[in-house]
$ cat upload-v2.cif   # mmCIF, C-alpha atoms and all ligand atoms
data_model
loop_
_atom_site.label_atom_id
_atom_site.label_comp_id
_atom_site.auth_asym_id
_atom_site.auth_seq_id
_atom_site.Cartn_x
_atom_site.Cartn_y
_atom_site.Cartn_z
CA MET A 9 -5.75 8.15 -0.74
CA ALA A 10 -2.87 6.12 -2.12
CA ASP A 11 -3.04 4.87 -5.65
CA THR A 12 -2.11 1.21 -5.36
CA THR A 13 -0.95 -0.27 -8.62
CA ALA A 14 -1.14 -4.03 -8.64
CA SER A 15 -0.37 -4.60 -12.25
CA ALA A 16 3.35 -5.13 -12.37
CA SER A 17 4.50 -8.69 -12.60
CA ARG A 18 6.13 -10.15 -9.54
CA LYS A 19 8.86 -12.66 -9.08
CA LYS A 20 10.28 -13.57 -5.71
CA ARG A 21 7.74 -12.85 -3.09
CA ASP A 22 7.16 -12.32 0.56
CA SER A 23 10.76 -12.46 1.32
CA SER A 24 10.47 -10.83 4.66
CA SER A 25 8.71 -8.63 6.97
CA SER A 26 11.43 -8.24 9.48
CA PRO A 27 15.12 -8.87 9.27
CA SER A 28 14.95 -11.22 12.21
CA ASP A 29 12.46 -13.37 10.32
CA MET A 30 14.23 -13.14 7.03
CA LYS A 31 16.33 -16.19 7.33
CA THR A 32 13.63 -18.50 8.54
CA GLY A 33 10.18 -17.47 7.48
CA SER A 34 10.10 -17.24 3.76
CA LYS A 35 11.83 -20.02 1.90
CA GLU A 36 8.78 -21.81 0.56
CA ASP A 37 7.33 -18.66 -0.92
CA MET A 38 10.59 -17.90 -2.58
CA ARG A 39 10.85 -21.29 -4.18
CA ALA A 40 7.25 -21.24 -5.40
CA CYS A 41 8.14 -18.98 -8.33
CA ASP A 42 11.50 -20.42 -9.18
CA HIS A 43 10.63 -22.22 -12.39
CA ASP A 44 10.09 -18.86 -14.11
CA SER A 45 13.70 -18.57 -15.09
CA SER A 46 13.95 -22.03 -16.63
CA VAL A 47 11.04 -21.25 -18.90
CA HIS A 48 12.82 -18.13 -20.11
CA ASN A 49 15.99 -20.07 -20.79
CA GLN A 50 14.09 -22.51 -22.92
CA ASN A 51 12.69 -19.63 -24.92
CA GLU A 52 16.14 -18.36 -25.68
CA HIS A 53 17.50 -21.63 -27.01
CA GLU A 54 14.78 -23.68 -28.58
CA ASP A 55 12.94 -21.94 -31.37
CA ASP A 56 13.24 -18.75 -33.29
CA SER A 57 9.89 -18.69 -35.03
CA ASN A 58 7.62 -15.91 -33.82
CA SER A 59 4.50 -18.01 -33.58
CA THR A 60 6.19 -20.62 -31.41
CA LYS A 61 7.69 -17.90 -29.30
CA ASN A 62 4.31 -16.25 -28.89
CA ASP A 63 2.81 -19.56 -27.83
CA ILE A 64 5.52 -20.03 -25.26
CA ASP A 65 5.16 -16.44 -24.07
CA GLN A 66 1.47 -16.97 -23.68
CA ASP A 67 2.04 -20.20 -21.73
CA THR A 68 4.54 -18.42 -19.55
CA ASP A 69 2.13 -15.57 -18.96
CA GLU A 70 -0.62 -17.98 -18.06
CA GLN A 71 1.72 -19.82 -15.74
CA HIS A 72 2.67 -16.50 -14.13
CA VAL A 73 -0.96 -15.56 -13.66
CA GLN A 74 -1.76 -18.93 -12.11
CA GLU A 75 1.24 -18.74 -9.79
CA GLU A 76 0.24 -15.25 -8.74
CA ARG A 77 -3.26 -16.42 -8.03
CA ASP A 78 -2.08 -19.45 -6.04
CA HIS A 79 0.27 -17.31 -4.08
CA LEU A 80 -2.30 -14.65 -3.32
CA ARG A 81 -4.73 -17.34 -2.23
CA ASN A 82 -2.14 -18.74 0.11
CA VAL A 83 -1.52 -15.33 1.66
CA LEU A 84 -5.24 -14.78 2.19
CA LEU A 85 -5.59 -18.24 3.71
CA SER A 86 -2.68 -17.52 6.02
CA PHE A 87 -4.49 -14.47 7.36
CA THR A 88 -7.72 -16.39 7.62
CA TYR A 89 -6.16 -19.27 9.55
CA TYR A 90 -4.44 -16.93 11.99
CA ARG A 91 -7.15 -17.34 14.62
CA ARG A 92 -7.40 -21.10 14.54
CA HIS A 93 -3.64 -21.60 14.44
CA SER A 94 -3.01 -19.16 17.31
CA LEU A 95 -5.77 -20.56 19.53
CA VAL A 96 -4.39 -24.07 19.07
CA ARG A 97 -0.94 -22.90 20.14
CA ASN A 98 -2.39 -21.15 23.16
CA GLN A 99 -4.38 -24.25 24.03
CA ARG A 100 -1.09 -26.12 24.35
CA ARG A 101 -0.12 -23.68 27.10
CA ARG A 102 -3.43 -24.28 28.85
CA ARG A 103 -2.98 -28.03 28.66
CA ASP A 104 0.53 -27.81 30.07
CA TYR A 105 -0.73 -25.64 32.90
CA GLN A 106 -3.56 -28.08 33.69
CA ALA A 107 -1.02 -30.90 33.84
CA LEU A 108 0.99 -29.17 36.57
CA PRO A 109 0.86 -30.62 40.06
CA GLN A 110 -1.68 -28.81 42.26
CA GLN A 111 0.98 -27.17 44.44
CA HIS A 112 2.57 -25.63 41.32
CA LYS A 113 -0.75 -24.47 39.94
CA ARG A 114 -1.51 -22.78 43.24
CA LEU A 115 1.69 -20.75 42.92
CA VAL A 116 0.77 -19.33 39.48
CA PRO A 117 -3.02 -19.05 39.26
CA ASP A 118 -2.55 -15.88 37.22
CA LEU A 119 -0.86 -17.86 34.45
CA LEU A 120 -4.15 -19.51 33.51
CA GLU A 121 -5.84 -16.14 33.60
CA LYS A 122 -3.17 -14.78 31.25
CA ILE A 123 -3.66 -17.69 28.85
CA ASP A 124 -7.40 -16.94 28.79
CA ARG A 125 -6.72 -13.29 28.14
CA VAL A 126 -4.44 -14.19 25.25
CA ASP A 127 -7.35 -16.07 23.65
CA ARG A 128 -9.32 -12.83 23.74
CA CYS A 129 -6.38 -10.90 22.27
CA ILE A 130 -6.21 -13.41 19.41
CA GLU A 131 -9.92 -12.79 18.76
CA ALA A 132 -9.27 -9.04 18.66
CA ASN A 133 -6.34 -9.51 16.27
CA MET A 134 -8.60 -11.64 14.10
CA GLU A 135 -11.20 -8.87 13.88
CA PHE A 136 -8.50 -6.64 12.45
CA VAL A 137 -7.25 -9.33 10.07
CA ARG A 138 -10.78 -10.06 8.90
CA ASP A 139 -11.27 -6.43 7.93
CA VAL A 140 -7.93 -6.40 6.12
CA VAL A 141 -8.94 -9.44 4.07
CA GLN A 142 -12.49 -8.23 3.44
CA GLU A 143 -11.27 -4.89 2.16
CA CYS A 144 -8.65 -6.21 -0.23
CA GLU A 145 -11.02 -6.81 -3.14
CA ALA A 146 -10.36 -3.45 -4.75
CA PHE A 147 -6.63 -4.10 -4.59
CA ILE A 148 -6.57 -7.72 -5.80
CA GLY A 149 -9.35 -7.23 -8.32
CA MET A 150 -11.41 -10.26 -7.25
CA ASP A 151 -13.55 -11.49 -4.41
CA PRO A 152 -11.13 -12.74 -1.72
CA VAL A 153 -13.59 -15.30 -0.36
CA GLN A 154 -14.15 -16.79 -3.79
CA LEU A 155 -10.42 -16.95 -4.38
CA MET A 156 -9.82 -18.69 -1.05
CA THR A 157 -12.46 -21.32 -1.59
CA GLU A 158 -11.70 -22.26 -5.19
CA GLY A 159 -10.11 -25.68 -5.47
CA TYR A 160 -9.51 -25.79 -1.75
CA ASP A 161 -8.99 -29.32 -0.49
CA GLN A 162 -9.88 -29.50 3.22
CA ARG A 163 -7.45 -32.38 3.76
CA ASP A 164 -4.42 -30.25 2.94
CA PRO A 165 -2.99 -28.19 5.74
CA PRO A 166 -3.64 -24.85 4.05
CA VAL A 167 -0.77 -22.88 5.52
CA THR A 168 2.70 -23.59 6.81
CA PRO A 169 4.28 -22.43 10.09
CA GLY A 170 6.39 -20.12 7.92
CA ASP A 171 3.22 -18.46 6.60
CA MET A 172 2.01 -17.96 10.16
CA ASP A 173 5.35 -16.36 11.06
CA LYS A 174 4.68 -13.85 8.34
CA VAL A 175 1.21 -13.05 9.63
CA ARG A 176 2.63 -12.52 13.13
CA SER A 177 5.47 -10.35 11.88
CA THR A 178 2.93 -8.29 9.91
CA PHE A 179 1.37 -7.28 13.26
CA ARG A 180 4.78 -6.07 14.43
CA GLN A 181 5.24 -4.22 11.19
CA PHE A 182 2.01 -2.34 11.95
CA VAL A 183 3.52 -1.24 15.24
CA ARG A 184 6.66 -0.02 13.45
CA ASP A 185 4.78 1.96 10.84
CA TRP A 186 1.41 2.93 12.20
CA SER A 187 1.44 3.25 15.99
CA VAL A 188 2.60 5.72 18.63
CA GLU A 189 4.75 2.92 20.06
CA GLY A 190 6.66 2.67 16.77
CA LYS A 191 7.72 6.32 16.82
CA LYS A 192 11.10 5.70 18.42
CA GLU A 193 11.96 3.14 15.74
CA ARG A 194 10.72 5.39 12.95
CA ASP A 195 12.65 8.34 14.32
CA ALA A 196 15.84 6.30 14.14
CA ALA A 197 15.32 4.86 10.65
CA TYR A 198 13.00 7.20 8.74
CA ARG A 199 13.94 10.56 10.26
CA PRO A 200 17.46 10.70 8.72
CA ILE A 201 15.91 10.11 5.28
CA LEU A 202 13.20 12.73 5.76
CA ASP A 203 15.67 15.26 7.16
CA THR A 204 18.00 14.70 4.22
CA LEU A 205 15.19 15.21 1.73
CA LYS A 206 14.07 18.40 3.43
CA ALA A 207 17.64 19.70 3.54
CA LEU A 208 18.27 18.84 -0.12
CA TYR A 209 15.17 20.70 -1.22
CA LYS A 210 15.03 23.35 1.48
CA ASP A 211 14.68 26.07 -1.15
CA VAL A 212 11.65 24.43 -2.72
CA PRO A 213 8.41 25.28 -0.87
CA VAL A 214 6.32 22.25 0.14
CA GLU A 215 3.60 23.16 -2.37
CA GLU A 216 6.12 23.12 -5.23
CA ARG A 217 7.74 19.78 -4.44
CA ARG A 218 5.32 17.76 -6.53
CA ASN A 219 7.79 17.76 -9.38
CA ILE A 220 10.42 16.02 -7.30
CA ASN A 221 10.02 12.25 -7.68
CA VAL A 222 11.02 10.03 -4.81
CA LEU A 223 11.02 6.24 -4.99
CA VAL A 224 10.97 4.00 -1.91
CA PRO A 225 11.73 0.37 -2.87
CA GLY A 226 10.69 -2.31 -0.38
CA ALA A 227 8.22 0.09 1.21
CA GLY A 228 6.72 -2.40 3.68
CA LEU A 229 3.53 -0.93 5.12
CA GLY A 230 4.18 2.43 3.51
CA ARG A 231 4.80 4.86 6.37
CA LEU A 232 8.08 6.25 5.07
CA ALA A 233 6.63 6.74 1.59
CA PHE A 234 3.52 8.33 3.12
CA GLU A 235 5.59 10.80 5.13
CA ILE A 236 7.65 11.72 2.09
CA ALA A 237 4.41 12.47 0.22
CA GLN A 238 3.14 14.38 3.23
CA ASN A 239 6.16 16.63 2.86
CA GLY A 240 5.02 17.55 -0.63
CA PHE A 241 7.21 15.22 -2.72
CA ALA A 242 5.75 12.97 -5.40
CA CYS A 243 6.40 9.59 -3.84
CA GLN A 244 6.04 6.03 -5.03
CA GLY A 245 6.50 3.08 -2.71
CA ASN A 246 7.37 -0.25 -4.31
CA GLU A 247 6.70 -3.57 -2.65
CA PHE A 248 6.35 -7.17 -3.76
CA SER A 249 5.06 -9.02 -0.73
CA PHE A 250 1.32 -9.65 -0.83
CA PHE A 251 1.35 -9.70 2.96
CA MET A 252 2.62 -6.13 2.92
CA LEU A 253 0.62 -4.98 -0.09
CA ILE A 254 -2.74 -6.14 1.19
CA CYS A 255 -2.08 -4.56 4.57
CA SER A 256 -0.74 -1.28 3.21
CA HIS A 257 -3.72 -1.03 0.88
CA PHE A 258 -5.96 -1.41 3.92
CA ILE A 259 -4.24 1.08 6.18
CA LEU A 260 -3.69 3.66 3.45
CA ASN A 261 -7.12 3.50 1.87
CA ARG A 262 -9.67 1.92 4.15
CA VAL A 263 -9.14 3.15 7.68
CA SER A 264 -11.41 6.01 8.68
CA HIS A 265 -10.13 7.20 12.04
CA VAL A 266 -7.09 7.34 14.24
CA ALA A 267 -6.77 4.45 16.72
CA GLN A 268 -9.57 2.59 14.94
CA TYR A 269 -8.11 -0.81 15.82
CA SER A 270 -6.51 -2.36 18.88
CA ILE A 271 -4.05 -5.09 18.09
CA TYR A 272 -1.90 -7.32 20.29
CA PRO A 273 1.30 -7.99 18.37
CA TYR A 274 3.40 -9.54 21.13
CA ILE A 275 1.11 -12.18 22.58
CA HIS A 276 2.41 -14.95 20.36
CA SER A 277 5.46 -15.59 22.49
CA PHE A 278 5.66 -15.75 26.27
CA SER A 279 9.46 -15.64 26.31
CA ASN A 280 11.49 -12.69 27.58
CA VAL A 281 8.44 -10.95 28.96
CA ARG A 282 9.21 -8.48 31.70
CA ASP A 283 5.69 -7.52 32.65
CA THR A 284 2.39 -9.28 31.95
CA GLU A 285 0.28 -6.14 31.73
CA HIS A 286 2.65 -4.55 29.27
CA HIS A 287 2.73 -7.77 27.26
CA LEU A 288 -1.04 -7.73 26.86
CA LYS A 289 -1.35 -4.01 26.28
CA PRO A 290 -3.28 -3.11 23.14
CA ILE A 291 -1.49 -1.17 20.43
CA LYS A 292 -3.77 1.29 18.68
CA VAL A 293 -3.47 1.72 14.93
CA PRO A 294 -3.18 3.94 13.06
CA ASP A 295 -1.57 6.81 14.96
CA VAL A 296 -2.29 9.19 12.09
CA LEU A 297 -4.92 9.08 9.41
CA PRO A 298 -3.30 8.20 6.09
CA SER A 299 -6.25 9.61 4.15
CA ASP A 300 -5.44 13.04 5.58
CA LEU A 301 -3.03 13.67 2.72
CA PRO A 302 -4.12 16.74 0.74
CA PRO A 303 -5.92 15.84 -2.50
CA SER A 304 -3.05 17.40 -4.44
CA ALA A 305 -0.57 14.89 -2.96
CA ASP A 306 1.07 12.51 -5.40
CA PHE A 307 1.44 9.20 -3.61
CA SER A 308 1.30 5.71 -5.06
CA MET A 309 2.33 2.14 -4.33
CA ALA A 310 3.65 -0.01 -7.17
CA ALA A 311 3.39 -3.76 -6.70
CA GLY A 312 6.16 -5.90 -8.09
CA ASP A 313 9.79 -6.85 -8.03
CA PHE A 314 12.07 -3.83 -7.74
CA VAL A 315 14.58 -4.87 -10.40
CA GLU A 316 11.90 -6.04 -12.79
CA ILE A 317 9.97 -2.77 -12.64
CA TYR A 318 12.69 -0.17 -12.32
CA SER A 319 15.14 -1.53 -14.85
CA ARG A 320 12.55 -1.02 -17.60
CA GLU A 321 13.36 1.45 -20.34
CA SER A 322 10.60 3.77 -19.14
CA GLN A 323 12.21 4.05 -15.71
CA ILE A 324 15.69 5.03 -16.83
CA GLU A 325 16.79 8.36 -15.39
CA SER A 326 13.35 9.15 -14.10
CA TRP A 327 13.79 9.53 -10.33
CA ASP A 328 15.21 12.47 -8.42
CA VAL A 329 15.70 10.52 -5.23
CA ILE A 330 15.66 6.83 -4.33
CA ALA A 331 15.41 6.09 -0.61
CA THR A 332 16.23 2.56 0.52
CA CYS A 333 15.44 1.70 4.12
CA PHE A 334 16.25 -1.82 5.34
CA PHE A 335 16.12 -2.90 1.73
CA ILE A 336 19.41 -3.43 -0.09
CA ASP A 337 20.17 -6.67 1.77
CA THR A 338 17.00 -8.27 0.39
CA ALA A 339 18.85 -8.74 -2.91
CA LYS A 340 20.12 -12.00 -4.28
CA ASN A 341 22.61 -9.93 -6.16
CA ILE A 342 23.16 -6.61 -4.45
CA VAL A 343 25.21 -5.35 -7.39
CA GLU A 344 22.10 -5.64 -9.56
CA TYR A 345 20.16 -3.56 -7.00
CA LEU A 346 22.87 -0.90 -7.01
CA GLU A 347 22.89 -0.79 -10.81
CA THR A 348 19.10 -0.54 -10.92
CA ILE A 349 19.16 2.34 -8.45
CA TYR A 350 21.87 4.05 -10.45
CA ASN A 351 20.11 3.65 -13.78
CA ALA A 352 16.72 4.74 -12.51
CA LEU A 353 18.12 7.94 -10.98
CA LYS A 354 18.50 11.13 -12.97
CA PHE A 355 22.04 12.47 -13.27
CA GLY A 356 22.72 14.48 -10.13
CA GLY A 357 19.95 12.51 -8.39
CA THR A 358 20.32 11.25 -4.84
CA TRP A 359 20.36 7.81 -3.30
CA ILE A 360 19.69 7.79 0.43
CA ASN A 361 20.24 4.51 2.25
CA ILE A 362 19.83 3.26 5.77
CA GLY A 363 19.94 -0.29 7.06
CA PRO A 364 22.07 -3.30 7.92
CA LEU A 365 23.46 -6.03 5.66
CA LEU A 366 21.49 -9.01 6.84
CA TYR A 367 21.52 -10.87 3.56
CA HIS A 368 18.15 -12.38 3.03
CA PHE A 369 19.18 -15.23 0.78
CA GLU A 370 22.36 -16.17 2.60
CA ASP A 371 21.07 -19.40 4.12
CA MET A 372 18.39 -20.26 1.63
CA PRO A 373 18.84 -23.69 0.12
CA GLY A 374 18.93 -23.69 -3.66
CA GLU A 375 19.17 -19.90 -3.93
CA SER A 376 22.14 -17.90 -5.04
CA SER A 377 23.25 -15.05 -2.85
CA ILE A 378 26.00 -12.48 -3.16
CA GLU A 379 26.96 -11.17 0.25
CA LEU A 380 29.21 -8.15 0.18
CA SER A 381 30.68 -6.49 3.23
CA LEU A 382 29.92 -2.84 3.83
CA ASP A 383 33.26 -1.68 2.47
CA GLN A 384 32.64 -3.74 -0.69
CA VAL A 385 29.13 -2.32 -1.11
CA LYS A 386 30.46 1.22 -0.90
CA ARG A 387 33.34 0.44 -3.24
CA VAL A 388 30.98 -1.05 -5.83
CA ALA A 389 28.65 1.94 -5.46
CA ARG A 390 31.55 4.28 -6.23
CA GLU A 391 32.62 2.11 -9.18
CA ILE A 392 29.11 2.19 -10.59
CA GLY A 393 29.08 5.98 -10.46
CA PHE A 394 27.93 7.16 -7.04
CA GLU A 395 29.69 9.80 -5.06
CA ILE A 396 29.04 9.12 -1.40
CA LYS A 397 28.71 12.48 0.29
CA GLU A 398 27.64 11.69 3.79
CA GLU A 399 27.97 8.49 5.78
CA ARG A 400 27.45 7.51 9.37
CA THR A 401 26.40 4.63 11.58
CA VAL A 402 22.94 4.82 13.14
CA PRO A 403 21.78 2.39 15.84
CA THR A 404 18.34 1.14 14.81
CA THR A 405 15.89 -1.54 15.81
CA TYR A 406 13.42 -3.35 13.59
CA THR A 407 9.95 -4.32 14.80
CA THR A 408 11.35 -4.64 18.29
CA TYR A 409 9.17 -5.13 21.31
CA ASN A 410 10.41 -2.34 23.53
CA ASP A 411 9.64 -4.08 26.77
CA SER A 412 11.23 -7.39 25.83
CA MET A 413 14.23 -8.81 27.66
CA LEU A 414 15.73 -9.61 24.25
CA LYS A 415 16.34 -6.94 21.64
CA TYR A 416 18.34 -6.80 18.44
CA LEU A 417 20.17 -3.62 17.69
CA TYR A 418 21.41 -2.98 14.18
CA GLU A 419 24.40 -0.75 13.66
CA SER A 420 22.75 0.47 10.48
CA GLU A 421 24.69 2.34 7.89
CA PHE A 422 23.31 5.58 6.57
CA TRP A 423 24.60 7.31 3.47
CA VAL A 424 23.67 9.95 0.98
CA ALA A 425 25.10 9.45 -2.50
CA THR A 426 24.85 11.39 -5.74
CA LYS A 427 24.68 9.88 -9.20
CA VAL A 428 27.65 11.14 -11.16
CA GLN A 429 29.25 9.91 -14.39
CA LYS A 430 30.38 6.29 -14.39
CA LYS A 431 34.08 5.69 -14.01
CA GLN A 432 35.74 4.98 -17.37
CA ASN A 433 36.68 1.36 -16.62
CA SER A 434 33.20 0.23 -15.51
CA LYS A 435 30.63 -0.41 -18.17
C1 LIG A 501 13.13 -5.49 5.84
S1 LIG A 501 11.69 -5.00 5.02
C2 LIG A 501 11.75 -3.21 5.17
C3 LIG A 501 10.42 -2.54 4.99
C4 LIG A 501 10.44 -1.02 5.17
N1 LIG A 501 11.34 -0.39 4.25
C5 LIG A 501 10.80 -0.68 6.60
O1 LIG A 501 11.87 -0.13 6.82
O2 LIG A 501 9.98 -0.96 7.48
C6 LIG A 501 12.12 -5.24 3.32
C7 LIG A 501 10.93 -5.08 2.42
O3 LIG A 501 11.35 -5.17 1.08
C8 LIG A 501 10.42 -5.98 0.37
N2 LIG A 501 11.15 -6.56 -0.77
C9 LIG A 501 12.13 -7.50 -0.73
N3 LIG A 501 12.60 -7.76 -1.95
C10 LIG A 501 11.90 -6.96 -2.80
C11 LIG A 501 11.93 -6.77 -4.21
N4 LIG A 501 12.78 -7.46 -4.97
N5 LIG A 501 11.08 -5.88 -4.75
C12 LIG A 501 10.23 -5.17 -3.98
N6 LIG A 501 10.15 -5.31 -2.63
C13 LIG A 501 10.98 -6.20 -2.05
C14 LIG A 501 9.97 -7.01 1.39
O4 LIG A 501 8.75 -7.61 1.04
C15 LIG A 501 9.89 -6.17 2.65
O5 LIG A 501 8.63 -5.60 2.82
#
$ encode --input "upload-v2.cif" --output "structure tokens"
Amino acid sequence: MADTTASASRKKRDSSSSPSDMKTGSKEDMRACDHDSSVHNQNEHEDDSNSTKNDIDQDTDEQHVQEERDHLRNVLLSFTYYRRHSLVRNQRRRRDYQALPQQHKRLVPDLLEKIDRVDRCIEANMEFVRDVVQECEAFIGMDPVQLMTEGYDQRDPPVTPGDMDKVRSTFRQFVRDWSVEGKKERDAAYRPILDTLKALYKDVPVEERRNINVLVPGAGLGRLAFEIAQNGFACQGNEFSFFMLICSHFILNRVSHVAQYSIYPYIHSFSNVRDTEHHLKPIKVPDVLPSDLPPSADFSMAAGDFVEIYSRESQIESWDVIATCFFIDTAKNIVEYLETIYNALKFGGTWINIGPLLYHFEDMPGESSIELSLDQVKRVAREIGFEIKEERTVPTTYTTYNDSMLKYLYESEFWVATKVQKKQNSK
């Protein structure tokens, strides 16, 4: 069972579930927490007295707590409204079909049948989502139904299309991490990391690897972190999206058997479909039972912003390995990520990276974003104090529907770097 720590404070949230959604699906969430920084600035300049500062700190804390609560509520509502929202969208297809001239309808009677079947797939997806929400109480520390209903004004549209995008991409994330169908994608992205870890510590028997600490920032639904723990390492996944955290808590702690759920992740779009039967095929999750980890395994998930948590004093030089998979481009300031990785690693520790550079904040209005090219990223890494030992390009996909007529292929960059002494001229 994974220990899921929900205590760390969180800043920018729910940035993404898939790179292809990154630039469109998450802006409102991001902006929701933005006033944090202005409050801090005020603290710095206005008043030195401790009591006033404490008052402000307390206000800020309360504001944080309220924002967290509002945000969490919104995520839960997004899951809850999945069914209604999806059925309404599917109803539009039905209406458009009904409006066809008879001779056209006669040519595609199976289209109506498919639309009806999609309704049933939505219901099945909703059963899964309902269980995810119902089981999140232990993780969020309160009754999810109570949280969703408090102060809820029926007149407000409770969730945005962007929120619904995130719910839909969460289904695809389940395929990536917890289905047989996701194996090809995992083999491309996770296997190089796992193989590197095993090679690095080949002389340490699995049962003695508990002293080797591995951190996986931006852990998504937790499969990579789980497999690292399965190989005997002490592993902590870190994640700040409530969409991901609630779902990883569910899959890691609440599922009792393999293939317990059938989900239909691809039904939400009818475009680029090669084959109807394949399109409506159920995906069984999970493909392995996460609770099968031996009781001695050391596996946890830490909720919160990567930089905020791992630049703390207590985290300095405490990790043997940091493995970033499709993560470093989620930064507003990638240099800060690189520094945080460097500082949190022990001397001689290893940073393993794989992924593209699809900068998450590049097109976000009102957000700053530093977009370095690959050669710049590697140069900065070396300046900071990494020695890059191994590097290669690995073709990878991300939450791709294998049977689609449209697929994105990332020429991901993989590297293994060691923390060495900083160069003299860089502080
Ligand atoms: C593209 S996804 C990759 C997920 C997973 N590593 C995988 O390969 O499937 C990036 C993940 O990083 C998380 N994330 C983004 N910024 C973060 C931050 N500052 N702190 C912690 N997690 C973050 C996102 O919520 C998202 O789940």
$ closest_residue --input "upload-v2.cif" --among "A:Val83, A:Ala196, A:Val224, A:Val281" --to "Ala331 in chain A" --atoms "all atoms listed in the file"
A:Val224
$ atom_distance --input "upload-v2.cif" --atom1 "CA of Val126 in chain A" --atom2 "CA of Gly228 in chain A"
27.0 Å
$ atom_distance --input "upload-v2.cif" --atom1 "CA of Ser187 in chain A" --atom2 "CA of Val296 in chain A"
8.0 Å
$ closest_residue --input "upload-v2.cif" --among "A:Ile148, A:Val402, A:Leu417, A:Leu229" --to "ligand LIG 501 (chain A)" --atoms "all atoms listed in the file"
A:Leu229
$ closest_residue --input "upload-v2.cif" --among "A:Val73, A:Ile291, A:Leu253, A:Leu108" --to "ligand LIG 501 (chain A)" --atoms "all atoms listed in the file"
A:Leu253
$ closest_residue --input "upload-v2.cif" --among "A:Arg231, A:His286, A:Arg100, A:Lys415" --to "ligand LIG 501 (chain A)" --atoms "all atoms listed in the file"
A:Arg231
$ residues_around --input "upload-v2.cif" --residues "range 380-387 of chain A" --least-positions-apart "5" --cutoff "9 Å" --atoms "all atoms listed in the file" --output "list of chain:residue names"
A:Ile342, A:Val343, A:Leu346, A:Pro364, A:Leu365, A:Tyr367, A:Ile392, A:Phe394, A:Ile396, A:Glu421
$ residues_near_point --input "upload-v2.cif" --point "(-1.6, 0.0, 1.3)" --cutoff "6 Å" --atoms "only C-alpha atoms" --output "list in words"
Leu253, Cys255, Ser256, His257, Phe258, Ile259 and Leu260 of chain A
$ write_last_selection --input "upload-v2.cif" --atoms "C-alpha atoms" --output "mmCIF file, keeping the file's coordinate frame"
data_model
loop_
_atom_site.group_PDB
_atom_site.id
_atom_site.type_symbol
_atom_site.label_atom_id
_atom_site.label_comp_id
_atom_site.auth_asym_id
_atom_site.auth_seq_id
_atom_site.Cartn_x
_atom_site.Cartn_y
_atom_site.Cartn_z
ATOM 1 C CA LEU A 253 0.620 -4.980 -0.090
ATOM 2 C CA CYS A 255 -2.080 -4.560 4.570
ATOM 3 C CA SER A 256 -0.740 -1.280 3.210
ATOM 4 C CA HIS A 257 -3.720 -1.030 0.880
ATOM 5 C CA PHE A 258 -5.960 -1.410 3.920
ATOM 6 C CA ILE A 259 -4.240 1.080 6.180
ATOM 7 C CA LEU A 260 -3.690 3.660 3.450
#
$ atom_distance --input "upload-v2.cif" --atom1 "CA of Arg320 in chain A" --atom2 "CA of Glu344 in chain A"
13.3 Å
$ residues_around --input "upload-v2.cif" --residues "range 87-94 of chain A" --least-positions-apart "2" --cutoff "7 Å" --atoms "only C-alpha atoms" --output "mmCIF file with C-alpha atoms, in the coordinates of the input"
data_model
loop_
_atom_site.group_PDB
_atom_site.id
_atom_site.type_symbol
_atom_site.label_atom_id
_atom_site.label_comp_id
_atom_site.auth_asym_id
_atom_site.auth_seq_id
_atom_site.Cartn_x
_atom_site.Cartn_y
_atom_site.Cartn_z
ATOM 1 C CA VAL A 83 -1.520 -15.330 1.660
ATOM 2 C CA LEU A 84 -5.240 -14.780 2.190
ATOM 3 C CA LEU A 85 -5.590 -18.240 3.710
ATOM 4 C CA VAL A 96 -4.390 -24.070 19.070
ATOM 5 C CA ARG A 97 -0.940 -22.900 20.140
ATOM 6 C CA ASN A 98 -2.390 -21.150 23.160
ATOM 7 C CA ILE A 130 -6.210 -13.410 19.410
ATOM 8 C CA GLU A 131 -9.920 -12.790 18.760
ATOM 9 C CA MET A 134 -8.600 -11.640 14.100
ATOM 10 C CA VAL A 137 -7.250 -9.330 10.070
ATOM 11 C CA MET A 172 2.010 -17.960 10.160
ATOM 12 C CA VAL A 175 1.210 -13.050 9.630
#
$ residues_near_point --input "upload-v2.cif" --point "(30.7, 5.3, 9.3)" --cutoff "9 Å" --atoms "all atoms listed in the file" --output "ChimeraX atom specification"
/A:398-402,421-423
$ closest_residue --input "upload-v2.cif" --among "A:Gly245, A:Pro403, A:Gly393, A:Gly374" --to "ligand LIG 501 (chain A)" --atoms "all atoms listed in the file"
A:Gly245
$ closest_residue --input "upload-v2.cif" --among "A:Pro303, A:Pro213, A:Pro298, A:Gly190" --to "Tyr406 in chain A" --atoms "only C-alpha atoms"
A:Gly190
